[in-house]
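Peer 1: Have a look at this one.
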Amino acid sequence: MNNTDNTDNSYKRQRASGSLDKPFDAIVIGSGAGGLTSAALLALEGQRVLVLERHASAGGCTQVFKREGFEWDAGLHYMGEVHRAGSGLAKLFERVTGGRLQWAPMPDVYNKVVIGDRSYDFVSGAARFAEQMKVYFPAEAQAIDRYLTLIAGANRAAKAYFADRALPELASSARYSDTAAEFLSYSRQTVTEVMRGLTNDPELIAVLCGHYGDYSLLPDDASFAVHAMLIKHYIDGASFPIGGSGRIPETITQTVRAAGGQVLVSAEVTRVLVREGRAYGVEMADGTTLEAPVVISAIGIGQTLGLLGDADAEGIAALRAKSGGLRLSQCYVMLNIGLSASNAELAMDQANLWVHPGNDLAGNYRRYEAEPHKQPFPLHFISQPSAKDPSWPERYPGRSTVDICSLTDWKVFEPYAQTRWMRRGEPYEVMKQRMTTEMLEQVYRFYPQTRGKVTHMELATPLSFNHFLGRSQGDFMSYAQTPERFEQRWMRAHSPVKCLYFSAQDVAGAGVSGAMVGGMVAASAVLGRDLFKTLRT
């Protein structure tokens with residue numbers, strides 16, 4: 001995190017100074033988008049909130065990292081809705097950042113889906129998107145119109161469904177059948193099931209599902225609801241934060257601090273303290289105990305259960321059984337590339353590329369899954385973050401960056417799961433080099449002008465996500481967005497332990513925007529008030 005206000009965010013030094021001795025109204029575990037959103041919304045209500053991050057940088061997947069004169073965004077590559085001033089997400093960002101975060105809109109063509117040697121543009125605006133798809137698939141005009149009607153319907157139904165997750169389970173029970181029924185009619189179908197009900201054209205299905213990596217699950221397995229929410233999120237185009245994604249935690253942190261709170265790093269929580277069924281604080285890795293009447297966990301429900309030990313054994317045991325039965329989202333390898341030329345010199349396009357070897361999306365993955373060391377990656381996502389940020393040329397003149405993320409399988413990395421970061425052995429390094437070569441060739445395929453300009457490369461694997469995000473299988477989007485997931489009523493802000501609340505992706509949906517919605521759900525639960533209503537005014 002860029003600490004521009006010069007406030008010391010070291011847990012160790014703040015503890016030594018005595019600043020943690022003053023009472024806090026709430027403690028938030030984890031400084032990703034969900035945790036920071038919860039903290040900022042409580043801060044705006046005058047609460048003093050302490051956010052604890054176990055790593056050296058705050059922000060989770062919104063943080064940036066720097067190497068040899070370059071900067072990369074760890075997990076945010078583009079964001080929908082924020083360029084529309086009246087959208088709920090734009091209002092939420094405005095609120096939690098105090099208006100300090102600015103966005104640069106991407107061009108009208110923000111995504112390109114490549115199937116084999118065929119390329120399809122995703123154009124911003126629902127009407128223009130439909131028109132462009134009908135140019136590609138003139139015989140499928142009716143299917144395309146029906147598809148967009150279903151997208152709109154699922155999103156209307158989602159509002160009541162997710163607002164319900166801020167309620168205690170007993171309060172929810174009386175109204176659940178009414179609030180959830182319409183949404184569940186969409187979420188209980190997979191993406192592929194809905195698509196095949198609309199069209200028999202495999203190419204059209206592949207194109208419309210071409211950026212399924214945004215929810216990290218094959219269309220055969222993913223709920224249509226998450227697909228619909230993703231399409232709605234981007235249908236009017238996309239934007240990128242000016243100054244890089246690190247500006248998100250930086251600006252939200254300022255809101256937390258303005259109310260007397262703190263966001264501290266290198267602050268590992270090892271236990272949630274529970275007495276008589278009620279959470280009252282946390283224990284740190286150094287043995288220090290910090291108390292507050294409210295504890296919010298934004299590190300994932302599964303990870304939070306590991307901090308509870310045998311507290312409230314019956315309720316927690318039941319939740320462990322339920323959560324342990326859910327599958328996890330897919331995982332990726334990410335290659336961050338630094339180039340010794342500017343975006344202007346290289347004429348780099350801002351549009352993201354979603355690259356598939358063929359239109360059988362499930363088959364592409366199954367073939368790779370069967371022989372991962374022989375088959376090519378089934379999906380590549382190529383992004384040019386430095387080309388999207390208008391502040392980049394001034395901050396890093398004469399340089400530019402490219403990211404490529406490639407879909408992989410956890411079984412490839414499982415043999416190395418017990419090894420240590422940066423010390424995983426020669427076979428692992430050889431495997432990484434093979435992957436790097438394959439991914440770099442994809443970059444050269446679409447951007448041949450980058451040959452001879454690469455001065456830095458660094459590959460992150462699912463084990464890197466485990467290390468930095470506390471995941472178990474590189475599943476940075478946590479639980480898979482399946483139809484089954486949306487049936488789980490326990491995936492809500494209220495935990496079985498009183499005064500312990502869940503935030504972020506597990507409460508709502510995948511990605512940064514989903515985590516922020518989850519953060520708002522948690523804050524609503526803590527305050528006993530529907531904060532979503534404030535975004536509709």
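A note on labels: chains of the structure tokens are A, B, ... as shown, every chain counts residues from 1, and ligands are counted from 1 in their shown order.
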Running DSSP on the backbone, which parts of range 49-106 of chain A land in strand (DSSP E or B), as a VMD selection string?

Peer 2: chain A and resid 49 to 52 64 to 67 70 to 73 79 to 80 103 to 105

Peer 1: Can those selected residues be exported to a file as a tab-separated table (two decimals), in the first residue's frame so that it contains C-alpha atoms?

Peer 2:
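Result file again26.tsv:
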chain	number	residue	atom	x	y	z
A	49	VAL	CA	-12.00	0.31	13.73
A	50	LEU	CA	-8.78	-1.71	13.82
A	51	VAL	CA	-7.93	-3.63	10.62
A	52	LEU	CA	-5.28	-6.36	10.97
A	64	VAL	CA	0.49	-3.62	-5.88
A	65	PHE	CA	4.02	-4.95	-5.79
A	66	LYS	CA	7.20	-3.47	-7.24
A	67	ARG	CA	10.27	-5.03	-8.83
A	70	PHE	CA	8.21	-1.73	-12.39
A	71	GLU	CA	4.86	-2.00	-10.63
A	72	TRP	CA	2.12	-4.63	-11.01
A	73	ASP	CA	-1.39	-4.92	-9.68
A	79	MET	CA	-13.64	-2.81	-13.04
A	80	GLY	CA	-17.15	-2.32	-14.36
A	103	TRP	CA	-11.05	6.02	-12.58
A	104	ALA	CA	-9.89	6.03	-16.21
A	105	PRO	CA	-12.48	4.54	-18.60

Peer 1: Need to verify the contact set: Tyr234 in chain A, 10 Å, only C-alpha atoms, exclusion of same-chain residues closer than 5 positions in sequence. Can you return it as a list in words?

Peer 2: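 The contact residues come out as Tyr78, Met79, Gly80, Glu81, Val82, Tyr110, Asn111, Phe122, Val123, Ser124, Gly125, Ala126, Met229 and Ser239 of chain A.
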
Peer 1: Mind checking which residues fall within 12 Å of Gln262 in chain A, counting only C-alpha atoms, ignoring those fewer than 5 positions away in the same chain, and posting them as a PDB file with N, CA, C and O atoms, in the first residue's frame?

Peer 2:
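This went into out-v6.pdb:
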ATOM      1  N   THR A   7       1.598   7.860   7.820  1.00  0.00           N
ATOM      2  CA  THR A   7       1.199   7.215   9.059  1.00  0.00           C
ATOM      3  C   THR A   7       1.866   5.854   9.150  1.00  0.00           C
ATOM      4  O   THR A   7       1.881   5.094   8.191  1.00  0.00           O
ATOM      5  N   ASP A   8       2.410   5.544  10.300  1.00  0.00           N
ATOM      6  CA  ASP A   8       3.087   4.269  10.496  1.00  0.00           C
ATOM      7  C   ASP A   8       2.047   3.155  10.566  1.00  0.00           C
ATOM      8  O   ASP A   8       1.188   3.149  11.450  1.00  0.00           O
ATOM      9  N   ASN A   9       2.099   2.199   9.622  1.00  0.00           N
ATOM     10  CA  ASN A   9       1.111   1.122   9.622  1.00  0.00           C
ATOM     11  C   ASN A   9       1.687  -0.195  10.141  1.00  0.00           C
ATOM     12  O   ASN A   9       1.128  -1.264   9.911  1.00  0.00           O
ATOM     13  N   SER A  10       2.798  -0.127  10.872  1.00  0.00           N
ATOM     14  CA  SER A  10       3.419  -1.318  11.444  1.00  0.00           C
ATOM     15  C   SER A  10       2.714  -1.704  12.747  1.00  0.00           C
ATOM     16  O   SER A  10       2.648  -0.915  13.690  1.00  0.00           O
ATOM     17  N   TYR A  11       2.205  -2.918  12.785  1.00  0.00           N
ATOM     18  CA  TYR A  11       1.564  -3.412  14.013  1.00  0.00           C
ATOM     19  C   TYR A  11       2.552  -3.404  15.180  1.00  0.00           C
ATOM     20  O   TYR A  11       2.221  -2.959  16.286  1.00  0.00           O
ATOM     21  N   GLN A  14       3.188   0.183  16.372  1.00  0.00           N
ATOM     22  CA  GLN A  14       1.990   0.777  16.967  1.00  0.00           C
ATOM     23  C   GLN A  14       1.659   0.131  18.313  1.00  0.00           C
ATOM     24  O   GLN A  14       1.229   0.811  19.249  1.00  0.00           O
ATOM     25  N   ARG A  15       1.892  -1.156  18.419  1.00  0.00           N
ATOM     26  CA  ARG A  15       1.674  -1.824  19.710  1.00  0.00           C
ATOM     27  C   ARG A  15       2.651  -1.300  20.746  1.00  0.00           C
ATOM     28  O   ARG A  15       2.275  -0.999  21.885  1.00  0.00           O
ATOM     29  N   SER A  19      -0.556   2.825  21.147  1.00  0.00           N
ATOM     30  CA  SER A  19      -1.751   3.318  20.445  1.00  0.00           C
ATOM     31  C   SER A  19      -2.853   2.276  20.359  1.00  0.00           C
ATOM     32  O   SER A  19      -4.004   2.612  20.084  1.00  0.00           O
ATOM     33  N   LEU A  20      -2.526   0.998  20.599  1.00  0.00           N
ATOM     34  CA  LEU A  20      -3.540  -0.045  20.559  1.00  0.00           C
ATOM     35  C   LEU A  20      -4.208  -0.255  21.910  1.00  0.00           C
ATOM     36  O   LEU A  20      -5.094  -1.110  22.045  1.00  0.00           O
ATOM     37  N   LYS A  22      -5.998   2.017  23.449  1.00  0.00           N
ATOM     38  CA  LYS A  22      -7.297   2.691  23.457  1.00  0.00           C
ATOM     39  C   LYS A  22      -8.353   1.736  22.904  1.00  0.00           C
ATOM     40  O   LYS A  22      -8.062   0.925  22.028  1.00  0.00           O
ATOM     41  N   PRO A  23      -9.579   1.813  23.387  1.00  0.00           N
ATOM     42  CA  PRO A  23     -10.608   0.865  22.936  1.00  0.00           C
ATOM     43  C   PRO A  23     -11.013   1.070  21.473  1.00  0.00           C
ATOM     44  O   PRO A  23     -11.069   2.203  20.987  1.00  0.00           O
ATOM     45  N   PHE A  24     -11.285  -0.035  20.791  1.00  0.00           N
ATOM     46  CA  PHE A  24     -11.802  -0.011  19.427  1.00  0.00           C
ATOM     47  C   PHE A  24     -13.249  -0.479  19.443  1.00  0.00           C
ATOM     48  O   PHE A  24     -13.643  -1.313  20.256  1.00  0.00           O
ATOM     49  N   ASP A  25     -14.040   0.037  18.507  1.00  0.00           N
ATOM     50  CA  ASP A  25     -15.429  -0.394  18.378  1.00  0.00           C
ATOM     51  C   ASP A  25     -15.551  -1.703  17.619  1.00  0.00           C
ATOM     52  O   ASP A  25     -16.521  -2.447  17.798  1.00  0.00           O
ATOM     53  N   ALA A  26     -14.577  -1.981  16.766  1.00  0.00           N
ATOM     54  CA  ALA A  26     -14.603  -3.215  15.976  1.00  0.00           C
ATOM     55  C   ALA A  26     -13.197  -3.565  15.534  1.00  0.00           C
ATOM     56  O   ALA A  26     -12.358  -2.677  15.322  1.00  0.00           O
ATOM     57  N   ILE A  27     -12.946  -4.868  15.401  1.00  0.00           N
ATOM     58  CA  ILE A  27     -11.695  -5.376  14.840  1.00  0.00           C
ATOM     59  C   ILE A  27     -12.038  -6.118  13.554  1.00  0.00           C
ATOM     60  O   ILE A  27     -12.956  -6.947  13.534  1.00  0.00           O
ATOM     61  N   VAL A  28     -11.324  -5.810  12.480  1.00  0.00           N
ATOM     62  CA  VAL A  28     -11.517  -6.473  11.195  1.00  0.00           C
ATOM     63  C   VAL A  28     -10.271  -7.297  10.883  1.00  0.00           C
ATOM     64  O   VAL A  28      -9.149  -6.769  10.910  1.00  0.00           O
ATOM     65  N   SER A  31      -7.346  -7.263   5.220  1.00  0.00           N
ATOM     66  CA  SER A  31      -7.441  -5.912   4.642  1.00  0.00           C
ATOM     67  C   SER A  31      -7.723  -5.928   3.155  1.00  0.00           C
ATOM     68  O   SER A  31      -7.379  -4.991   2.444  1.00  0.00           O
ATOM     69  N   LEU A  36     -11.791  -3.903   4.168  1.00  0.00           N
ATOM     70  CA  LEU A  36     -11.646  -2.448   4.200  1.00  0.00           C
ATOM     71  C   LEU A  36     -12.986  -1.751   3.993  1.00  0.00           C
ATOM     72  O   LEU A  36     -13.245  -0.702   4.588  1.00  0.00           O
ATOM     73  N   ALA A  39     -14.815  -1.879   7.263  1.00  0.00           N
ATOM     74  CA  ALA A  39     -14.183  -0.952   8.198  1.00  0.00           C
ATOM     75  C   ALA A  39     -14.535   0.493   7.883  1.00  0.00           C
ATOM     76  O   ALA A  39     -14.847   1.290   8.785  1.00  0.00           O
ATOM     77  N   ALA A  40     -14.494   0.861   6.597  1.00  0.00           N
ATOM     78  CA  ALA A  40     -14.770   2.247   6.219  1.00  0.00           C
ATOM     79  C   ALA A  40     -16.224   2.620   6.483  1.00  0.00           C
ATOM     80  O   ALA A  40     -16.517   3.733   6.947  1.00  0.00           O
ATOM     81  N   ALA A  43     -16.533   3.215  10.052  1.00  0.00           N
ATOM     82  CA  ALA A  43     -15.848   4.468  10.384  1.00  0.00           C
ATOM     83  C   ALA A  43     -16.719   5.678  10.043  1.00  0.00           C
ATOM     84  O   ALA A  43     -16.742   6.673  10.767  1.00  0.00           O
ATOM     85  N   GLN A  47     -17.333   5.034  14.124  1.00  0.00           N
ATOM     86  CA  GLN A  47     -16.695   3.965  14.893  1.00  0.00           C
ATOM     87  C   GLN A  47     -15.187   3.941  14.671  1.00  0.00           C
ATOM     88  O   GLN A  47     -14.703   4.231  13.577  1.00  0.00           O
ATOM     89  N   ARG A  48     -14.479   3.584  15.720  1.00  0.00           N
ATOM     90  CA  ARG A  48     -13.021   3.422  15.670  1.00  0.00           C
ATOM     91  C   ARG A  48     -12.724   1.953  15.386  1.00  0.00           C
ATOM     92  O   ARG A  48     -13.018   1.088  16.213  1.00  0.00           O
ATOM     93  N   VAL A  49     -12.159   1.688  14.211  1.00  0.00           N
ATOM     94  CA  VAL A  49     -12.000   0.314  13.730  1.00  0.00           C
ATOM     95  C   VAL A  49     -10.517  -0.006  13.570  1.00  0.00           C
ATOM     96  O   VAL A  49      -9.743   0.805  13.055  1.00  0.00           O
ATOM     97  N   LEU A  50     -10.144  -1.208  13.985  1.00  0.00           N
ATOM     98  CA  LEU A  50      -8.777  -1.707  13.816  1.00  0.00           C
ATOM     99  C   LEU A  50      -8.792  -2.816  12.782  1.00  0.00           C
ATOM    100  O   LEU A  50      -9.477  -3.834  12.945  1.00  0.00           O
ATOM    101  N   VAL A  51      -8.055  -2.621  11.675  1.00  0.00           N
ATOM    102  CA  VAL A  51      -7.929  -3.630  10.624  1.00  0.00           C
ATOM    103  C   VAL A  51      -6.556  -4.278  10.748  1.00  0.00           C
ATOM    104  O   VAL A  51      -5.527  -3.578  10.805  1.00  0.00           O
ATOM    105  N   LEU A  52      -6.525  -5.614  10.771  1.00  0.00           N
ATOM    106  CA  LEU A  52      -5.280  -6.357  10.972  1.00  0.00           C
ATOM    107  C   LEU A  52      -4.975  -7.213   9.751  1.00  0.00           C
ATOM    108  O   LEU A  52      -5.795  -8.044   9.349  1.00  0.00           O
ATOM    109  N   GLU A  53      -3.818  -6.988   9.157  1.00  0.00           N
ATOM    110  CA  GLU A  53      -3.382  -7.700   7.961  1.00  0.00           C
ATOM    111  C   GLU A  53      -2.104  -8.468   8.266  1.00  0.00           C
ATOM    112  O   GLU A  53      -1.121  -7.884   8.732  1.00  0.00           O
ATOM    113  N   ALA A  58      -1.134  -3.959   2.822  1.00  0.00           N
ATOM    114  CA  ALA A  58      -2.585  -4.038   2.931  1.00  0.00           C
ATOM    115  C   ALA A  58      -3.210  -4.068   1.534  1.00  0.00           C
ATOM    116  O   ALA A  58      -2.608  -3.636   0.561  1.00  0.00           O
ATOM    117  N   ILE A 252      -9.217   4.022   0.902  1.00  0.00           N
ATOM    118  CA  ILE A 252     -10.157   3.520   1.914  1.00  0.00           C
ATOM    119  C   ILE A 252      -9.535   3.593   3.303  1.00  0.00           C
ATOM    120  O   ILE A 252     -10.215   3.924   4.284  1.00  0.00           O
ATOM    121  N   THR A 253      -8.242   3.316   3.391  1.00  0.00           N
ATOM    122  CA  THR A 253      -7.552   3.407   4.671  1.00  0.00           C
ATOM    123  C   THR A 253      -7.655   4.812   5.262  1.00  0.00           C
ATOM    124  O   THR A 253      -7.805   4.986   6.478  1.00  0.00           O
ATOM    125  N   GLN A 254      -7.577   5.815   4.404  1.00  0.00           N
ATOM    126  CA  GLN A 254      -7.697   7.196   4.905  1.00  0.00           C
ATOM    127  C   GLN A 254      -9.052   7.433   5.563  1.00  0.00           C
ATOM    128  O   GLN A 254      -9.151   8.168   6.550  1.00  0.00           O
ATOM    129  N   THR A 255     -10.097   6.809   5.042  1.00  0.00           N
ATOM    130  CA  THR A 255     -11.424   6.932   5.656  1.00  0.00           C
ATOM    131  C   THR A 255     -11.439   6.276   7.028  1.00  0.00           C
ATOM    132  O   THR A 255     -12.014   6.820   7.988  1.00  0.00           O
ATOM    133  N   VAL A 256     -10.816   5.110   7.151  1.00  0.00           N
ATOM    134  CA  VAL A 256     -10.755   4.408   8.437  1.00  0.00           C
ATOM    135  C   VAL A 256      -9.984   5.243   9.460  1.00  0.00           C
ATOM    136  O   VAL A 256     -10.408   5.408  10.612  1.00  0.00           O
ATOM    137  N   ARG A 257      -8.873   5.807   9.030  1.00  0.00           N
ATOM    138  CA  ARG A 257      -8.037   6.591   9.947  1.00  0.00           C
ATOM    139  C   ARG A 257      -8.683   7.903  10.359  1.00  0.00           C
ATOM    140  O   ARG A 257      -8.460   8.402  11.464  1.00  0.00           O
ATOM    141  N   ALA A 267       0.496  -8.113  10.950  1.00  0.00           N
ATOM    142  CA  ALA A 267      -0.319  -8.266  12.154  1.00  0.00           C
ATOM    143  C   ALA A 267      -1.127  -9.547  12.017  1.00  0.00           C
ATOM    144  O   ALA A 267      -2.270  -9.532  11.545  1.00  0.00           O
TER     145      ALA A 267
END

Peer 1: Just how far from CA of Ala16 in chain A is CA of Ala259 in chain A, in Å to one decimal?

Peer 2: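 Computing the Euclidean distance for CA of Ala259 in chain A and CA of Ala16 in chain A yields 21.4 Å.
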
Peer 1: Fewer than 6 positions away in the same chain doesn't count, so skip those; otherwise give me all residues within 9 Å of Met195 in chain A, counting only C-alpha atoms, as a PDB file with all heavy atoms, in the first residue's frame.

Peer 2:
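Result file follows (result_38.pdb):
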ATOM      1  N   ALA A 143     -31.852 -15.327 -29.984  1.00  0.00           N
ATOM      2  CA  ALA A 143     -31.150 -15.897 -28.824  1.00  0.00           C
ATOM      3  C   ALA A 143     -30.378 -14.817 -28.076  1.00  0.00           C
ATOM      4  O   ALA A 143     -30.358 -14.804 -26.832  1.00  0.00           O
ATOM      5  CB  ALA A 143     -30.212 -17.006 -29.277  1.00  0.00           C
ATOM      6  N   TYR A 147     -31.061 -13.735 -24.282  1.00  0.00           N
ATOM      7  CA  TYR A 147     -29.928 -13.811 -23.353  1.00  0.00           C
ATOM      8  C   TYR A 147     -29.845 -12.545 -22.498  1.00  0.00           C
ATOM      9  O   TYR A 147     -29.745 -12.624 -21.259  1.00  0.00           O
ATOM     10  CB  TYR A 147     -28.646 -14.005 -24.165  1.00  0.00           C
ATOM     11  CG  TYR A 147     -27.351 -13.858 -23.409  1.00  0.00           C
ATOM     12  CD1 TYR A 147     -26.914 -14.833 -22.521  1.00  0.00           C
ATOM     13  CD2 TYR A 147     -26.540 -12.737 -23.602  1.00  0.00           C
ATOM     14  CE1 TYR A 147     -25.711 -14.712 -21.845  1.00  0.00           C
ATOM     15  CE2 TYR A 147     -25.341 -12.601 -22.939  1.00  0.00           C
ATOM     16  CZ  TYR A 147     -24.928 -13.582 -22.060  1.00  0.00           C
ATOM     17  OH  TYR A 147     -23.730 -13.447 -21.387  1.00  0.00           O
ATOM     18  N   ILE A 205     -21.997 -19.703 -27.923  1.00  0.00           N
ATOM     19  CA  ILE A 205     -21.907 -20.037 -26.495  1.00  0.00           C
ATOM     20  C   ILE A 205     -20.496 -19.762 -25.982  1.00  0.00           C
ATOM     21  O   ILE A 205     -20.308 -19.161 -24.914  1.00  0.00           O
ATOM     22  CB  ILE A 205     -22.299 -21.511 -26.264  1.00  0.00           C
ATOM     23  CG1 ILE A 205     -23.784 -21.713 -26.569  1.00  0.00           C
ATOM     24  CG2 ILE A 205     -21.985 -21.931 -24.830  1.00  0.00           C
ATOM     25  CD1 ILE A 205     -24.243 -23.159 -26.500  1.00  0.00           C
ATOM     26  N   LEU A 208     -19.938 -15.873 -25.700  1.00  0.00           N
ATOM     27  CA  LEU A 208     -20.648 -15.255 -24.578  1.00  0.00           C
ATOM     28  C   LEU A 208     -20.087 -15.698 -23.230  1.00  0.00           C
ATOM     29  O   LEU A 208     -20.189 -14.972 -22.240  1.00  0.00           O
ATOM     30  CB  LEU A 208     -22.139 -15.586 -24.658  1.00  0.00           C
ATOM     31  CG  LEU A 208     -22.900 -15.004 -25.856  1.00  0.00           C
ATOM     32  CD1 LEU A 208     -24.361 -15.446 -25.829  1.00  0.00           C
ATOM     33  CD2 LEU A 208     -22.801 -13.479 -25.884  1.00  0.00           C
TER      34      LEU A 208
END

Peer 1: Would you kindly return, as a ChimeraX atom specification, each protein, DNA or RNA residue with an atom no farther than 7 Å from any atom of Glu291 in chain A, considering only C-alpha atoms and excluding same-chain residues fewer than 5 positions away?

Peer 2: /A:280-282

Peer 1: Take the residues from that selection and write them out as a PDB file, in the first residue's frame, keeping N, CA and C atoms.

Peer 2:
ATOM      1  N   TYR A 280     -15.106 -11.553  21.553  1.00  0.00           N
ATOM      2  CA  TYR A 280     -14.773 -10.298  22.236  1.00  0.00           C
ATOM      3  C   TYR A 280     -13.396  -9.759  21.868  1.00  0.00           C
ATOM      4  N   GLY A 281     -12.741 -10.375  20.884  1.00  0.00           N
ATOM      5  CA  GLY A 281     -11.436  -9.875  20.468  1.00  0.00           C
ATOM      6  C   GLY A 281     -10.637 -10.929  19.740  1.00  0.00           C
ATOM      7  N   VAL A 282      -9.333 -10.675  19.622  1.00  0.00           N
ATOM      8  CA  VAL A 282      -8.445 -11.594  18.909  1.00  0.00           C
ATOM      9  C   VAL A 282      -7.140 -11.758  19.665  1.00  0.00           C
TER      10      VAL A 282
END

Peer 1: Would you kindly return, as a PyMOL selection string, each protein, DNA or RNA residue with an atom no farther than 8 Å from any atom of Val113 in chain A, considering only C-alpha atoms and excluding same-chain residues fewer than 4 positions away?

Peer 2: chain A and resi 119-122+207+210-211+353-356

Peer 1: Could you turn the residues from that selection into a file that holds C-alpha atoms, as a PDB file, in the first residue's frame?

Peer 2:
ATOM      1  CA  SER A 119     -11.515 -12.739 -32.541  1.00  0.00           C
ATOM      2  CA  TYR A 120     -14.719 -11.177 -31.154  1.00  0.00           C
ATOM      3  CA  ASP A 121     -15.046  -7.700 -29.656  1.00  0.00           C
ATOM      4  CA  PHE A 122     -17.045  -6.962 -26.508  1.00  0.00           C
ATOM      5  CA  VAL A 207     -17.986 -16.232 -27.121  1.00  0.00           C
ATOM      6  CA  GLY A 210     -15.395 -16.343 -23.178  1.00  0.00           C
ATOM      7  CA  HIS A 211     -14.397 -14.501 -20.026  1.00  0.00           C
ATOM      8  CA  LEU A 353      -7.671 -10.669 -24.380  1.00  0.00           C
ATOM      9  CA  TRP A 354      -9.379 -13.944 -23.422  1.00  0.00           C
ATOM     10  CA  VAL A 355      -7.655 -16.636 -25.479  1.00  0.00           C
ATOM     11  CA  HIS A 356      -9.092 -20.157 -26.031  1.00  0.00           C
TER      12      HIS A 356
END

Peer 1: Using only C-alpha atoms, I'd like a table of the residues in range 237-313 of chain A that come within 8 Å of range 495-506 of chain A; for each, show the closest atom pair and its distance in Å rounded to one decimal, ordered by chain and ascending number, as JSON lines.

Peer 2:
{"residue": "A:Val274", "atom": "CA", "partner": "A:Val497", "partner_atom": "CA", "distance": 7.9}
{"residue": "A:Gly277", "atom": "CA", "partner": "A:Val497", "partner_atom": "CA", "distance": 5.7}
{"residue": "A:Arg278", "atom": "CA", "partner": "A:Lys498", "partner_atom": "CA", "distance": 4.6}
{"residue": "A:Ala279", "atom": "CA", "partner": "A:Cys499", "partner_atom": "CA", "distance": 5.4}
{"residue": "A:Tyr280", "atom": "CA", "partner": "A:Cys499", "partner_atom": "CA", "distance": 7.4}
{"residue": "A:Pro293", "atom": "CA", "partner": "A:Cys499", "partner_atom": "CA", "distance": 6.8}
{"residue": "A:Val294", "atom": "CA", "partner": "A:Cys499", "partner_atom": "CA", "distance": 5.1}
{"residue": "A:Val295", "atom": "CA", "partner": "A:Leu500", "partner_atom": "CA", "distance": 4.9}
{"residue": "A:Ile296", "atom": "CA", "partner": "A:Tyr501", "partner_atom": "CA", "distance": 4.7}
{"residue": "A:Ser297", "atom": "CA", "partner": "A:Phe502", "partner_atom": "CA", "distance": 5.1}
{"residue": "A:Ala298", "atom": "CA", "partner": "A:Ser503", "partner_atom": "CA", "distance": 4.7}
{"residue": "A:Ile299", "atom": "CA", "partner": "A:Ala504", "partner_atom": "CA", "distance": 7.6}
{"residue": "A:Gly300", "atom": "CA", "partner": "A:Asp506", "partner_atom": "CA", "distance": 6.1}
{"residue": "A:Ile301", "atom": "CA", "partner": "A:Asp506", "partner_atom": "CA", "distance": 6.7}
{"residue": "A:Asp312", "atom": "CA", "partner": "A:Val497", "partner_atom": "CA", "distance": 7.0}

Peer 1: Store the residues picked out above in a file with N, CA and C atoms, as an mmCIF file, in the first residue's frame.

Peer 2:
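Now in again-v5.cif:
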data_model
loop_
_atom_site.group_PDB
_atom_site.id
_atom_site.type_symbol
_atom_site.label_atom_id
_atom_site.label_comp_id
_atom_site.auth_asym_id
_atom_site.auth_seq_id
_atom_site.Cartn_x
_atom_site.Cartn_y
_atom_site.Cartn_z
ATOM 1 N N VAL A 274 -13.372 -16.069 22.221
ATOM 2 C CA VAL A 274 -14.799 -16.303 22.434
ATOM 3 C C VAL A 274 -15.034 -16.637 23.908
ATOM 4 N N GLY A 277 -20.003 -18.010 24.165
ATOM 5 C CA GLY A 277 -20.644 -17.932 22.858
ATOM 6 C C GLY A 277 -20.581 -16.584 22.183
ATOM 7 N N ARG A 278 -19.750 -15.687 22.694
ATOM 8 C CA ARG A 278 -19.673 -14.327 22.148
ATOM 9 C C ARG A 278 -18.215 -13.968 21.860
ATOM 10 N N ALA A 279 -17.936 -13.463 20.664
ATOM 11 C CA ALA A 279 -16.576 -13.006 20.332
ATOM 12 C C ALA A 279 -16.310 -11.677 21.018
ATOM 13 N N TYR A 280 -15.106 -11.553 21.553
ATOM 14 C CA TYR A 280 -14.773 -10.298 22.236
ATOM 15 C C TYR A 280 -13.396 -9.759 21.868
ATOM 16 N N PRO A 293 -15.939 -5.078 20.974
ATOM 17 C CA PRO A 293 -17.259 -5.709 21.067
ATOM 18 C C PRO A 293 -17.724 -6.377 19.775
ATOM 19 N N VAL A 294 -17.047 -6.096 18.662
ATOM 20 C CA VAL A 294 -17.392 -6.678 17.364
ATOM 21 C C VAL A 294 -16.121 -7.150 16.672
ATOM 22 N N VAL A 295 -16.164 -8.348 16.114
ATOM 23 C CA VAL A 295 -15.067 -8.864 15.294
ATOM 24 C C VAL A 295 -15.646 -9.229 13.925
ATOM 25 N N ILE A 296 -15.016 -8.721 12.870
ATOM 26 C CA ILE A 296 -15.426 -9.021 11.495
ATOM 27 C C ILE A 296 -14.273 -9.737 10.804
ATOM 28 N N SER A 297 -14.557 -10.892 10.226
ATOM 29 C CA SER A 297 -13.519 -11.615 9.492
ATOM 30 C C SER A 297 -13.768 -11.505 7.996
ATOM 31 N N ALA A 298 -12.760 -11.031 7.294
ATOM 32 C CA ALA A 298 -12.831 -10.876 5.840
ATOM 33 C C ALA A 298 -11.827 -11.771 5.139
ATOM 34 N N ILE A 299 -11.385 -12.833 5.797
ATOM 35 C CA ILE A 299 -10.359 -13.708 5.221
ATOM 36 C C ILE A 299 -10.962 -14.983 4.637
ATOM 37 N N GLY A 300 -12.272 -15.106 4.646
ATOM 38 C CA GLY A 300 -12.936 -16.307 4.161
ATOM 39 C C GLY A 300 -13.516 -17.098 5.318
ATOM 40 N N ILE A 301 -14.682 -17.683 5.099
ATOM 41 C CA ILE A 301 -15.341 -18.422 6.174
ATOM 42 C C ILE A 301 -14.509 -19.621 6.600
ATOM 43 N N ASP A 312 -17.671 -22.717 20.833
ATOM 44 C CA ASP A 312 -19.035 -23.022 20.390
ATOM 45 C C ASP A 312 -19.026 -24.287 19.533
#

Peer 1: Skip Val269 in chain A itself and residues of its chain fewer than 3 positions away, then list as a list in words all residues within 9 Å of it, counting only C-alpha atoms.

Peer 2: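 Surrounding residues, per the criterion: Ile29, Leu52, Glu53, Arg54, Val272, Val282, Glu283, Met284, Ala285 and Leu307 of chain A.
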